[in-house]
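J.: Attaching a single structure in structure tokens format; questions to follow.
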Amino acid sequence: MAYLSTTNFTEDKDFIDKWLYTIRTGEMDLSWMKSATEKISPEEANPRRGLTYRDLNLGTYGYTDIPEKVRANRSYAPRGAEIPEGVPDAQPWVSRKSELWAFNTESYYEEAMSRQWNATTDIPWEHLDGVELPEVTGKALSQLMTFLTEVEMIATDTPAMWLPRLNPDFIEVRSFIAAQAMDEARHAEVFRKRALTTGWGLMQASPINEMALKHLRDADSFSEMSVALHLVAEGNVLTMFRFSEYLSPTDVDKKIFRLVMQDEARHVGYGMQHFKYVLEHFPEKREVLHAHLDEAENISFAGAAATELTESFIILAGGGLKKENIEQGIRVTTQFQLKQMQEHFERLDKCGMPERKERSKLYMMYEMGRAAAESAGIKL
Amino acid sequence: MAFYADKDYTVDQTVLEAAKKVMEGHLGLHWYEAKTERIAGHASDSRRGLTYKDLDVGSYGYSNIPEDVRTSQSMVSRGSEKVGKLPDMGYVVNRKSDVWSDNVAELYEEDKARRWVPATDIPWNELHAHPIAPGLEMACAQLYTFLQECQIVSMDFPSKWVALINQDFLEQKSWMCAQMLDASRLLEVFRKRALYGGAGLGRASVTAEQGLKEWLWADQFPQGSVSINLSLAGFLLVVYRQVAAFAPTNVDRAIMRYAMQDAGRQTAYGLGQLRYYLKHRPLEVNAMEGYLDHTEHALLGLIGSPELLEPMIIICGGGLEKAQVDQGRIATAKFIRLVVREYMERIAVAGLAGHANRSRIPAMIDRISASA
């Protein structure tokens, strides 16, 4: 075993005897009643919203007063509890608030809880009965869905693997990450289910995208992971979902994209707020994050280069394989790709990294792409 | 960074050219004739919606996942065509019997169908409308502090393992994400209950946390799963049932009803996984027995922890008066016996029929509970 308790309780006579005595006599130690913890009187600020984490943001239990460096708790004790000598070290990797915190985390979490949806029953799958898409549209849709199942897989594993590394004092962030993992599992599910109802099944894997996306899992810190996952990857995917909703061949697909967009927007929202927080509270990280973005933006280049994705998008956008369809598809896909990049840099701007444009190869590509698009009469 | 993509796509001319060509209208369509199975899945019962079970078909289904998954190490969704150079994600759990349980797809579907929201599904106002005696409230606060520790560990277990499990076990991984959310929701509701009652949190438990860490840090998934999904979840299921039966308020009863649902699912998976593992890996039976012999002492660390035991006595008795405590200790003695009896029954049903005879726990528990 990787860890052994400091006591083997079957052999701890004092522990067993005390237990036996309590059960036999009813005499209790009750020292926990003297715990040096705070008494608070929280109120529901808005009964329609119920009792939220924000309502409990009081004193030692609150998240506002979590110190920048959490030194007092490394165990499995919940924030604000009395921590006696002898509790084990949970071995968290991240105990610095600015490395994971985001303004509004608790609300993102509460929203995630109240907006859970069910890919099995909340999508009107029965509306697909009798719907037969033209082969080219059906295959393109299946290819898009196949790609999205790959994306959602990495988006599930990446936040989840960081969760146990976060200090248990950061309850709200850990909870948000748990909710995100579930959101992504549901996305993988809904895209898979849609691909398997097209009549074509899943299509082809996307090696370039996979190779670029693996980068998400191997960040050196939570903040670097977050900027790559929440801002770059999910930001790109959010734009893609919006365009995909627009291109959806059926109402079922539109409903799918509307629901996943809700979730994705929340993840991007958290990512933006965290990015802002880390830049403000841990300024030494700025250069590290720039360097990480240099690599993370490679994902965007890979996305454009993955022709199985671009082609399926062109077909869906143009409605077929005829010359005029493809021309129309290219116009929409160009707008989509430029929009992805534009929104990426807008987000970085808003978070406090306007200088990113000066150093980014992606921004250079965006400017070139925009100029070329404008000269071809394509407007954003 | 531990990993860099195999190419810097910003300077790779081949890749940039390929992208440019497509955007000029020259589509290669290499994916168009993907060598995959064609299916048109549909819901077998439209009232239930489109379930994973409905899609358990051919190369896409989970029934046909082989015991040893040797050919998938990337993000590729099961059943897609694999082409080109795909990354190796470094999965360390690639044997179906290490993680699978025959009920896993159903448990995932049930989890989603039974979602609830602590902020709004609990009648929190009743707690202020009908306050309970301060001693009883402190006992509740201590109990809920203890339960939060258990949920922090319950949340860590699936998140620690999920990225290490092969992507072909998609339904299993999805279930683990649902488990994370369940644990997060229980952590939330226990914390809210403790703090809204006004007594604040109590004291963390050294004995419980020591035991929990030993379970959480198991080297292998099947061992960790039996500890967290079967032993811990089974123990918590009995705790929730007991508190529901003696609940001092409607709020506590409502919380425990939801908690029982969630813990019931977790226990069902823990039992199913152990059964599947032992059935498909008979040579591991002795090793699993040895693991349990070595680690089930942690169950004592949990049940016998004063931070659980004493508040349980007070809650079950309804207060701190002698008569109440007497009633509480008798009820708690039954509770202790029940925890161990159900644990041993589950272990036996899963395939370790003789385990109760070799374990030291039942005799110790009989002695303790008999003393009441």
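Residues in the structure tokens are numbered from 1 in each chain, the chains being A, B, ... in the order shown, and ligands are numbered from 1 in the order shown.
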Counting only C-alpha atoms, what is within 9 Å of Glu214 of chain B, bar same-chain residues fewer than 4 positions away, as a PyMOL selection string?

T.: (chain A and resi 1-5) or (chain B and resi 209-210+218+295+298)

J.: Tell me, as a ChimeraX atom specification, which residues lie within 6 Å of Val15 of chain B, counting only C-alpha atoms; anything in the same chain fewer than 3 positions away does not count.

T.: /A:305 /B:12,18

J.: So that I can see what lies close to Ile255 of chain B, please list as a PyMOL selection string the residues with an atom at most 12 Å from it, counting only C-alpha atoms and leaving out residues fewer than 5 positions away in the same chain.

T.: chain B and resi 116-124+144+185-194+240-241+243-245+247-250+260-262

J.: Using only C-alpha atoms, find the one residue out of A:Ser244, A:Thr250, A:Asn57, A:Thr158 that sits nearest to chain B.

T.: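 Selected residue with least distance to chain B: A:Thr158.
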
J.: In terms of the shortest atom-to-atom distance over only C-alpha atoms, which of B:Arg253, B:Lys279, B:Arg203, B:Arg78 is closest to chain A?

T.: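 Checking each of B:Arg253, B:Lys279, B:Arg203, B:Arg78 against chain A, counting only C-alpha atoms, the winner is B:Arg203.
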
J.: If we count only C-alpha atoms, what is near Met161 of chain A at a cut-off of 8 Å, once residues fewer than 5 positions away on the same chain are taken out, given as an MDAnalysis selection string?

T.: chainID B and resid 159:163

J.: Could you please take those selected residues and save C-alpha atoms as a PDB file, in the first residue's frame?

T.:
```
ATOM      1  CA  SER B 159     -10.754  11.837  -9.696  1.00  0.00           C
ATOM      2  CA  LYS B 160      -7.408  10.317  -8.817  1.00  0.00           C
ATOM      3  CA  TRP B 161      -8.016   7.316 -11.061  1.00  0.00           C
ATOM      4  CA  VAL B 162     -10.182   8.437 -13.947  1.00  0.00           C
ATOM      5  CA  ALA B 163      -7.401   9.800 -16.156  1.00  0.00           C
TER       6      ALA B 163
END
```
